[in-house]
Structure formats: C-alpha cells, structure tokens
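Below: my_file-v1.cif (mmCIF, C-alpha atoms)
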data_input
#
loop_
_atom_site.label_atom_id
_atom_site.label_comp_id
_atom_site.auth_asym_id
_atom_site.auth_seq_id
_atom_site.Cartn_x
_atom_site.Cartn_y
_atom_site.Cartn_z
CA GLU M 1 7.91 -17.53 6.67
CA ALA M 2 9.48 -14.26 7.83
CA GLY M 3 7.78 -11.15 6.53
CA VAL M 4 9.26 -7.97 5.19
CA VAL M 5 11.59 -6.44 7.76
CA GLN M 6 12.18 -2.72 8.13
CA SER M 7 14.35 -0.70 10.45
CA PRO M 8 14.25 1.52 12.28
CA ARG M 9 10.57 1.49 13.22
CA TYR M 10 10.68 5.09 14.40
CA LYS M 11 13.04 7.96 13.67
CA ILE M 12 13.03 11.52 14.90
CA ILE M 13 15.46 13.98 13.34
CA GLU M 14 15.88 17.69 12.92
CA LYS M 15 15.35 19.26 9.54
CA LYS M 16 18.33 19.35 7.21
CA GLN M 17 19.72 16.17 8.76
CA PRO M 18 20.18 12.99 6.70
CA VAL M 19 18.22 9.82 7.41
CA ALA M 20 18.28 6.28 6.04
CA PHE M 21 15.79 3.45 6.11
CA TRP M 22 16.53 -0.21 5.58
CA CYS M 23 14.36 -2.97 4.17
CA ASN M 24 14.85 -6.71 3.90
CA PRO M 25 12.26 -8.33 1.62
CA ILE M 26 10.79 -11.80 1.87
CA SER M 27 13.32 -14.36 0.69
CA GLY M 28 13.00 -15.06 -3.00
CA HIS M 29 11.01 -11.92 -3.78
CA ASN M 30 12.51 -10.23 -6.81
CA THR M 31 10.43 -7.07 -6.75
CA LEU M 32 10.82 -4.49 -4.02
CA TYR M 33 8.84 -1.28 -3.50
CA TRP M 34 9.22 1.82 -1.37
CA TYR M 35 6.04 3.70 -0.55
CA LEU M 36 5.33 6.93 1.28
CA GLN M 37 2.19 7.06 3.44
CA ASN M 38 1.02 10.38 4.80
CA LEU M 39 -1.43 10.46 7.70
CA GLY M 40 -4.93 9.62 6.51
CA GLN M 41 -3.80 8.75 3.00
CA GLY M 42 -3.08 5.64 0.98
CA PRO M 43 0.48 4.57 0.17
CA GLU M 44 2.16 6.33 -2.75
CA LEU M 45 4.83 4.54 -4.74
CA LEU M 46 8.27 6.13 -4.61
CA ILE M 47 10.35 3.54 -6.39
CA ARG M 48 10.14 -0.06 -7.59
CA TYR M 49 13.00 -2.47 -8.10
CA GLU M 50 13.14 -5.56 -10.24
CA ASN M 51 16.10 -7.36 -8.68
CA GLU M 52 18.77 -4.63 -8.46
CA GLU M 53 17.32 -2.45 -11.23
CA ALA M 54 15.15 0.55 -10.45
CA VAL M 55 12.38 0.24 -13.04
CA ASP M 56 9.99 2.92 -11.81
CA ASP M 57 11.29 5.92 -9.88
CA SER M 58 9.18 8.64 -11.46
CA GLN M 59 7.69 9.66 -8.08
CA LEU M 60 11.00 9.80 -6.21
CA PRO M 61 12.13 13.38 -5.44
CA LYS M 62 15.61 12.87 -6.74
CA ASP M 63 17.01 16.14 -5.44
CA ARG M 64 16.92 14.80 -1.90
CA PHE M 65 15.89 11.14 -2.05
CA SER M 66 18.03 8.25 -3.17
CA ALA M 67 17.66 4.50 -3.01
CA GLU M 68 19.71 1.45 -3.74
CA ARG M 69 19.26 -2.28 -3.84
CA LEU M 70 22.68 -3.76 -4.12
CA LYS M 71 22.81 -7.48 -4.92
CA GLY M 72 19.06 -7.45 -5.52
CA VAL M 73 18.14 -8.31 -1.95
CA ASP M 74 17.84 -5.68 0.80
CA SER M 75 17.43 -2.02 0.07
CA THR M 76 18.06 1.37 1.62
CA LEU M 77 16.17 4.61 1.11
CA LYS M 78 17.93 7.84 2.03
CA ILE M 79 16.80 11.42 2.46
CA GLN M 80 19.37 14.19 2.53
CA PRO M 81 18.60 16.78 3.69
CA ALA M 82 15.28 16.04 5.37
CA GLU M 83 12.51 18.65 5.33
CA LEU M 84 9.54 19.13 7.64
CA GLY M 85 7.20 17.84 4.92
CA ASP M 86 9.02 14.51 4.82
CA SER M 87 7.38 13.46 8.08
CA ALA M 88 5.41 10.33 7.17
CA VAL M 89 5.51 6.55 7.28
CA TYR M 90 7.86 4.93 4.79
CA LEU M 91 6.67 1.48 3.79
CA CYS M 92 8.65 -1.20 2.05
CA ALA M 93 6.91 -4.04 0.20
CA SER M 94 8.03 -7.03 -1.81
CA SER M 95 6.51 -9.52 -4.22
CA LEU M 96 7.68 -12.58 -6.11
CA ASP M 97 7.53 -10.51 -9.26
CA ARG M 98 5.59 -7.50 -10.50
CA ASN M 99 2.46 -9.58 -11.16
CA ASN M 100 2.08 -11.04 -7.69
CA GLU M 101 0.69 -9.93 -4.34
CA GLN M 102 2.65 -7.23 -2.56
CA PHE M 103 3.56 -7.92 1.07
CA PHE M 104 4.19 -4.87 3.19
CA GLY M 105 6.64 -4.30 5.99
CA PRO M 106 5.68 -2.55 9.27
CA GLY M 107 7.02 0.78 8.04
CA THR M 108 9.32 3.44 9.48
CA ARG M 109 7.60 6.43 11.04
CA LEU M 110 9.74 9.52 10.37
CA THR M 111 9.27 12.72 12.30
CA VAL M 112 11.21 15.77 11.14
CA LEU M 113 11.39 18.59 13.68
CA GLY B 114 -2.04 8.43 -14.95
CA GLU B 115 -4.48 6.39 -12.89
CA ASN B 116 -6.63 8.14 -10.28
CA VAL B 117 -8.57 6.20 -7.63
CA GLU B 118 -11.31 7.75 -5.52
CA GLN B 119 -12.66 5.98 -2.44
CA HIS B 120 -15.88 6.56 -0.49
CA PRO B 121 -16.85 6.95 2.25
CA SER B 122 -13.87 8.19 4.23
CA THR B 123 -15.40 6.89 7.46
CA LEU B 124 -18.01 4.21 8.04
CA SER B 125 -19.62 3.24 11.33
CA VAL B 126 -21.66 0.05 11.47
CA GLN B 127 -23.32 -2.00 14.15
CA GLU B 128 -21.86 -5.43 14.75
CA GLY B 129 -23.59 -7.94 12.50
CA ASP B 130 -24.54 -5.38 9.86
CA SER B 131 -22.94 -5.13 6.40
CA ALA B 132 -20.37 -2.59 5.27
CA VAL B 133 -19.82 -1.43 1.71
CA ILE B 134 -16.91 0.65 0.43
CA LYS B 135 -16.84 1.97 -3.13
CA CYS B 136 -13.95 2.98 -5.36
CA THR B 137 -13.84 4.49 -8.82
CA TYR B 138 -10.86 4.54 -11.17
CA SER B 139 -10.03 6.62 -14.20
CA ASP B 140 -7.91 4.43 -16.46
CA SER B 141 -9.97 1.94 -18.45
CA ALA B 142 -6.80 -0.12 -18.96
CA SER B 143 -6.60 -0.99 -15.25
CA ASN B 144 -6.88 -4.73 -14.80
CA TYR B 145 -6.03 -5.59 -11.19
CA PHE B 146 -7.88 -4.36 -8.10
CA PRO B 147 -6.65 -5.37 -4.63
CA TRP B 148 -8.09 -4.38 -1.26
CA TYR B 149 -5.85 -3.89 1.77
CA LYS B 150 -6.73 -3.75 5.45
CA GLN B 151 -4.55 -1.68 7.78
CA GLU B 152 -5.02 -1.78 11.53
CA LEU B 153 -3.73 1.11 13.60
CA GLY B 154 0.07 1.18 13.60
CA LYS B 155 0.34 -1.98 11.54
CA ARG B 156 1.22 -2.90 7.99
CA PRO B 157 -1.33 -3.02 5.15
CA GLN B 158 -2.45 -6.58 4.46
CA LEU B 159 -4.14 -7.89 1.32
CA ILE B 160 -7.61 -9.20 2.09
CA ILE B 161 -8.99 -9.83 -1.38
CA ASP B 162 -8.27 -8.93 -4.99
CA ILE B 163 -10.00 -9.16 -8.33
CA ARG B 164 -8.86 -9.15 -11.92
CA SER B 165 -10.63 -7.44 -14.78
CA ASN B 166 -11.84 -10.69 -16.34
CA VAL B 167 -13.98 -11.45 -13.25
CA GLY B 168 -17.06 -9.57 -12.08
CA GLU B 169 -17.27 -10.81 -8.51
CA LYS B 170 -15.15 -12.70 -6.00
CA LYS B 171 -16.00 -13.95 -2.50
CA ASP B 172 -13.96 -15.12 0.45
CA GLN B 173 -16.09 -16.01 3.47
CA ARG B 174 -17.57 -12.72 4.74
CA ILE B 175 -15.75 -10.57 2.21
CA ALA B 176 -16.69 -9.98 -1.42
CA VAL B 177 -15.54 -7.63 -4.14
CA THR B 178 -17.52 -6.64 -7.23
CA LEU B 179 -16.18 -4.97 -10.35
CA ASN B 180 -18.07 -2.95 -12.96
CA LYS B 181 -15.64 -2.29 -15.80
CA THR B 182 -18.15 -0.27 -17.81
CA ALA B 183 -18.72 2.17 -14.97
CA LYS B 184 -15.10 1.87 -13.80
CA HIS B 185 -15.92 1.17 -10.20
CA PHE B 186 -15.41 -1.66 -7.74
CA SER B 187 -16.72 -2.27 -4.27
CA LEU B 188 -15.82 -4.16 -1.10
CA HIS B 189 -18.63 -5.84 0.80
CA ILE B 190 -18.20 -7.10 4.35
CA THR B 191 -21.12 -9.07 5.78
CA GLU B 192 -21.84 -9.93 9.41
CA THR B 193 -19.30 -7.38 10.60
CA GLN B 194 -17.34 -8.06 13.78
CA PRO B 195 -15.34 -5.71 16.04
CA GLU B 196 -12.10 -7.12 14.60
CA ASP B 197 -13.15 -5.77 11.19
CA SER B 198 -12.47 -2.27 12.54
CA ALA B 199 -9.55 -0.87 10.53
CA VAL B 200 -8.71 1.34 7.57
CA TYR B 201 -9.43 -0.27 4.22
CA PHE B 202 -7.65 0.80 1.03
CA CYS B 203 -8.61 0.00 -2.52
CA ALA B 204 -6.07 0.11 -5.31
CA ALA B 205 -5.94 -0.22 -9.08
CA SER B 206 -3.15 -1.21 -11.40
CA THR B 207 -2.59 -0.80 -15.09
CA GLY B 208 -0.53 -3.28 -17.02
CA SER B 209 2.27 -4.20 -14.66
CA TRP B 210 0.63 -4.93 -11.33
CA GLY B 211 3.61 -3.45 -9.59
CA LYS B 212 2.33 0.05 -10.13
CA LEU B 213 -0.61 0.30 -7.72
CA GLN B 214 -2.58 3.51 -7.29
CA PHE B 215 -4.24 3.56 -3.86
CA GLY B 216 -7.41 5.25 -2.73
CA ALA B 217 -7.37 7.52 0.32
CA GLY B 218 -8.78 4.85 2.62
CA THR B 219 -11.97 4.21 4.60
CA GLN B 220 -11.95 4.11 8.39
CA VAL B 221 -14.41 1.37 9.38
CA VAL B 222 -15.62 1.25 12.98
CA VAL B 223 -17.72 -1.71 14.09
CA THR B 224 -19.53 -1.09 17.35
CA PRO B 225 -20.66 -4.02 19.50
#
Let me see the file written as structure tokens.
Amino acid sequence: EAGVVQSPRYKIIEKKQPVAFWCNPISGHNTLYWYLQNLGQGPELLIRYENEEAVDDSQLPKDRFSAERLKGVDSTLKIQPAELGDSAVYLCASSLDRNNEQFFGPGTRLTVL
Amino acid sequence: GENVEQHPSTLSVQEGDSAVIKCTYSDSASNYFPWYKQELGKRPQLIIDIRSNVGEKKDQRIAVTLNKTAKHFSLHITETQPEDSAVYFCAASTGSWGKLQFGAGTQVVVTP
C-alpha cells in the first residue's frame, strides 16, 4: 500500500515569496490533516479535512495561509507571502476517518531566507 | 484547549536497559492517547495507542499505561536496542480523534 505522498520534499524561498505544498493521501482515506512541525517540537494541527470540507482550521493563519482539497482527494497548502518564521516542516497526514490512526507523509522542509 | 506536557526531553539509556517517557494532559475529556516514533528526517509513525477505557496495553517490548485520575500516561520500552533511538511523541485527543495535541517530544539515545 502506498503511503502519504508529499511534494516537494524541500523548498527554499526568499521572504515575501509564495509557496505551495502538495499532498496525496492514502487511497480511501477520507480525512486529511496538515500539520506544522517546528524544530524540536511536536506537530501542530493547521487544518483538517473531512472529504472536501475543512472542519477544523482554527489554527490556520488565514491572513497568509490557505488550503484546499478539491474532489476530496489530494490537497494543497499555500503560503503567500512567506515570512522568516514560516521556516519549518509541513506534514500531511491521512486517516480512514477522524476516529482512526493517522498516517503521516515525509513532510516538506521549508526554509525562508 | 488540551495541553500535553512530555518529560524528559532527552533520555540516554544503555542497550538492554528500559526507557520510560511520561506525559501529562490537561483535559479530563481526552480519551485517545497515541505514541509516535520519528527517526531523523523521517515521518512520525504510530507505535502504540491506548483508549481511555483501558489502563495498560502491550506490544512486544513496548507498553503504555494510562492513569485517568492523575491525567498522565507513560511509554515503556524494555530491552532497548540501538534501533529504538529516535524522537518519541505522545499525543492526546478529545472527542474526535482527529484533533491530536502533541507533546514536545523525547529524544531517546540507546548506546551499545
């Protein structure tokens, strides 16, 4: 079974530039999550989707972050404009539904210069 | 909201010894407690989880205990091996398991 796929794995951009991350969940998984992981910290939930509906986005900085999950399958997370403090690993995870184990992708390491 | 504290932040053990990591949570309504292992540069992977209606769960060399009264849960690794070296994260969830609150992680180093 293929795991959660994320791309790119690494991204280096200058501040104020836009950036986008892509995630393809495990086939059949209805719930998709985007997490932010700072160095030496645990993952922090940014947004959770149930199919194509964002059901929990309270931690998403909506002035610069946006996400979408069209057709309830893969998802993109965008930052515009990026700030120095956005440097982190962005993890995507998926689960069959909200009451099942979350499987994580390899993450995208973002460096903002 | 839920707050999860994890101790210690680093743990060095000799191969073959046991390792114990402790987490406390704030929300008495939390009912699901997974533990994730993350090797350097890799994705977090679930190693064991426990639900609030169970006090202890074992899987080979790994066990988790839960004390709902004290609001803390612990990960126990016995007969540690070098491949157990990684960062371990505890998490807690209230109601919908989708909303996990993670601890800050414990760096475990197993020396041969």
| query | Hey, what's within 7 Å of B:Leu188 if we count all atoms listed in the file and toss same-chain stuff fewer than 2 positions away? As a PyMOL selection string, please? | reply | chain B and resi 133-135+176-178+190
Please define a box with edges along x, y and z of the file around all atoms of stretch 5-11 of chain M given in the file, extend it by 4 Å on each side, and return its centre and edge lengths in Å to one decimal, as AutoDock Vina command-line options.
--center_x 12.5 --center_y 0.8 --center_z 11.1 --size_x 11.8 --size_y 22.4 --size_z 14.6
| query | atom CA of M:Ala20 and atom CA of M:Trp34, how far apart in Å? | reply |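 Pair atom CA of M:Trp34 / atom CA of M:Ala20 returns 12.5 Å.
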| task | Excluding stretch 89-98 of chain M and residues on its chain fewer than 6 positions from it, collect all residues at most 8 Å away from it, counting all atoms listed in the file, and give them as an MDAnalysis selection string. | result | (chainID M and resid 4 6 23 25:26 28:39 43 50 104:110) or (chainID B and resid 209:211)
Deliver the residues from the most recent selection as a file, using C-alpha atoms, as a short mmCIF file (atom, residue, chain, number, x, y, z; two decimals), keeping the file's coordinate frame.
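Dumped everything to selection-v8.cif:
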data_model
loop_
_atom_site.label_atom_id
_atom_site.label_comp_id
_atom_site.auth_asym_id
_atom_site.auth_seq_id
_atom_site.Cartn_x
_atom_site.Cartn_y
_atom_site.Cartn_z
CA VAL M 4 9.26 -7.97 5.19
CA GLN M 6 12.18 -2.72 8.13
CA CYS M 23 14.36 -2.97 4.17
CA PRO M 25 12.26 -8.33 1.62
CA ILE M 26 10.79 -11.80 1.87
CA GLY M 28 13.00 -15.06 -3.00
CA HIS M 29 11.01 -11.92 -3.78
CA ASN M 30 12.51 -10.23 -6.81
CA THR M 31 10.43 -7.07 -6.75
CA LEU M 32 10.82 -4.49 -4.02
CA TYR M 33 8.84 -1.28 -3.50
CA TRP M 34 9.22 1.82 -1.37
CA TYR M 35 6.04 3.70 -0.55
CA LEU M 36 5.33 6.93 1.28
CA GLN M 37 2.19 7.06 3.44
CA ASN M 38 1.02 10.38 4.80
CA LEU M 39 -1.43 10.46 7.70
CA PRO M 43 0.48 4.57 0.17
CA GLU M 50 13.14 -5.56 -10.24
CA PHE M 104 4.19 -4.87 3.19
CA GLY M 105 6.64 -4.30 5.99
CA PRO M 106 5.68 -2.55 9.27
CA GLY M 107 7.02 0.78 8.04
CA THR M 108 9.32 3.44 9.48
CA ARG M 109 7.60 6.43 11.04
CA LEU M 110 9.74 9.52 10.37
CA SER B 209 2.27 -4.20 -14.66
CA TRP B 210 0.63 -4.93 -11.33
CA GLY B 211 3.61 -3.45 -9.59
#
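The result of the PyMOL selection byres ((chain B and resi 148) around 10) on the shown file is Phe146, Pro147, Tyr149, Lys150, Pro157, Gln158, Leu159, Ile160, Ile161, Asp162, Ile163, Val177, Ser187, Leu188, Tyr201, Phe202, Cys203, Ala204, Ala205, Phe215 and Gly216 of chain B.
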Generate the output file for the selected residues, C-alpha atoms, as an mmCIF file, in the frame of the given file.
data_model
loop_
_atom_site.group_PDB
_atom_site.id
_atom_site.type_symbol
_atom_site.label_atom_id
_atom_site.label_comp_id
_atom_site.auth_asym_id
_atom_site.auth_seq_id
_atom_site.Cartn_x
_atom_site.Cartn_y
_atom_site.Cartn_z
ATOM 1 C CA PHE B 146 -7.880 -4.360 -8.100
ATOM 2 C CA PRO B 147 -6.650 -5.370 -4.630
ATOM 3 C CA TYR B 149 -5.850 -3.890 1.770
ATOM 4 C CA LYS B 150 -6.730 -3.750 5.450
ATOM 5 C CA PRO B 157 -1.330 -3.020 5.150
ATOM 6 C CA GLN B 158 -2.450 -6.580 4.460
ATOM 7 C CA LEU B 159 -4.140 -7.890 1.320
ATOM 8 C CA ILE B 160 -7.610 -9.200 2.090
ATOM 9 C CA ILE B 161 -8.990 -9.830 -1.380
ATOM 10 C CA ASP B 162 -8.270 -8.930 -4.990
ATOM 11 C CA ILE B 163 -10.000 -9.160 -8.330
ATOM 12 C CA VAL B 177 -15.540 -7.630 -4.140
ATOM 13 C CA SER B 187 -16.720 -2.270 -4.270
ATOM 14 C CA LEU B 188 -15.820 -4.160 -1.100
ATOM 15 C CA TYR B 201 -9.430 -0.270 4.220
ATOM 16 C CA PHE B 202 -7.650 0.800 1.030
ATOM 17 C CA CYS B 203 -8.610 0.000 -2.520
ATOM 18 C CA ALA B 204 -6.070 0.110 -5.310
ATOM 19 C CA ALA B 205 -5.940 -0.220 -9.080
ATOM 20 C CA PHE B 215 -4.240 3.560 -3.860
ATOM 21 C CA GLY B 216 -7.410 5.250 -2.730
#
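From atom CA of B:Cys136 back to atom CA of B:Lys181, the distance works out to 11.8 Å.
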| note | Among B:Thr191, B:Gln127, B:Gln173, B:Ser206, chain M is approached most closely, using all atoms listed in the file, by B:Ser206
| field | Nearest candidate to B:Thr123 (options B:Gly218, B:Pro225, B:Asp197, B:Arg174; using only C-alpha atoms) | value |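 Ranked by minimum distance to B:Thr123, first place goes to B:Gly218.
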| task | Take atom CA of M:Asp63 and atom CA of M:Leu45 and report the distance between them in Å, one decimal. | result | 16.8 Å
| note | Of M:Ser27, M:Arg69, M:Gln102, M:Ser87, the one sitting nearest B:Arg156 when using only C-alpha atoms is M:Gln102
| Which residues match the PyMOL selection byres ((chain M and resi 82) around 10) in the file above, as an MDAnalysis selection string? | chainID M and resid 13:19 64:65 78:81 83:87 110:113
Could you turn the residues from that selection into a file that holds C-alpha atoms, as a PDB file, keeping the file's coordinate frame?
ATOM      1  CA  ILE M  13      15.460  13.980  13.340  1.00  0.00           C
ATOM      2  CA  GLU M  14      15.880  17.690  12.920  1.00  0.00           C
ATOM      3  CA  LYS M  15      15.350  19.260   9.540  1.00  0.00           C
ATOM      4  CA  LYS M  16      18.330  19.350   7.210  1.00  0.00           C
ATOM      5  CA  GLN M  17      19.720  16.170   8.760  1.00  0.00           C
ATOM      6  CA  PRO M  18      20.180  12.990   6.700  1.00  0.00           C
ATOM      7  CA  VAL M  19      18.220   9.820   7.410  1.00  0.00           C
ATOM      8  CA  ARG M  64      16.920  14.800  -1.900  1.00  0.00           C
ATOM      9  CA  PHE M  65      15.890  11.140  -2.050  1.00  0.00           C
ATOM     10  CA  LYS M  78      17.930   7.840   2.030  1.00  0.00           C
ATOM     11  CA  ILE M  79      16.800  11.420   2.460  1.00  0.00           C
ATOM     12  CA  GLN M  80      19.370  14.190   2.530  1.00  0.00           C
ATOM     13  CA  PRO M  81      18.600  16.780   3.690  1.00  0.00           C
ATOM     14  CA  GLU M  83      12.510  18.650   5.330  1.00  0.00           C
ATOM     15  CA  LEU M  84       9.540  19.130   7.640  1.00  0.00           C
ATOM     16  CA  GLY M  85       7.200  17.840   4.920  1.00  0.00           C
ATOM     17  CA  ASP M  86       9.020  14.510   4.820  1.00  0.00           C
ATOM     18  CA  SER M  87       7.380  13.460   8.080  1.00  0.00           C
ATOM     19  CA  LEU M 110       9.740   9.520  10.370  1.00  0.00           C
ATOM     20  CA  THR M 111       9.270  12.720  12.300  1.00  0.00           C
ATOM     21  CA  VAL M 112      11.210  15.770  11.140  1.00  0.00           C
ATOM     22  CA  LEU M 113      11.390  18.590  13.680  1.00  0.00           C
TER      23      LEU M 113
END
| request: Let me know the residues the PyMOL selection byres ((chain B and resi 115-120) around 6) catches in the file above, as an MDAnalysis selection string. | output: chainID B and resid 114 121:122 135:140 216
| With distances taken over only C-alpha atoms, which of B:Leu213, B:Leu153, B:Ala199, B:Val167 is nearest to M:Leu46? |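 Result for the nearest residue to M:Leu46: B:Leu213.
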| query | Residues at most 9 Å from stretch 193-196 of chain B, counting all atoms listed in the file, excluding those fewer than 6 positions away in the same chain, as a ChimeraX atom specification? | reply | /B:126-132,174,222-225
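If all atoms listed in the file are the atoms counted, then among B:Ala142, B:Lys155, B:Ser125, B:Lys170 the closest residue to chain M is B:Lys155.
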Give me, as an mmCIF file with C-alpha atoms, keeping the file's coordinate frame, all polymer residues having an atom no more than 8 Å from M:Trp22, counting all atoms listed in the file and skipping those fewer than 3 positions away in the same chain.
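What follows is the written file around-v3.cif:
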data_model
loop_
_atom_site.group_PDB
_atom_site.id
_atom_site.type_symbol
_atom_site.label_atom_id
_atom_site.label_comp_id
_atom_site.auth_asym_id
_atom_site.auth_seq_id
_atom_site.Cartn_x
_atom_site.Cartn_y
_atom_site.Cartn_z
ATOM 1 C CA GLN M 6 12.180 -2.720 8.130
ATOM 2 C CA SER M 7 14.350 -0.700 10.450
ATOM 3 C CA PRO M 8 14.250 1.520 12.280
ATOM 4 C CA ASP M 74 17.840 -5.680 0.800
ATOM 5 C CA SER M 75 17.430 -2.020 0.070
ATOM 6 C CA THR M 76 18.060 1.370 1.620
ATOM 7 C CA LEU M 77 16.170 4.610 1.110
#
| field | Which of B:Val200, B:Ala217, B:Asn144, B:Ala183 sits closest to chain M [using all atoms listed in the file] | value |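 For chain M, the nearest of the candidates is B:Ala217.
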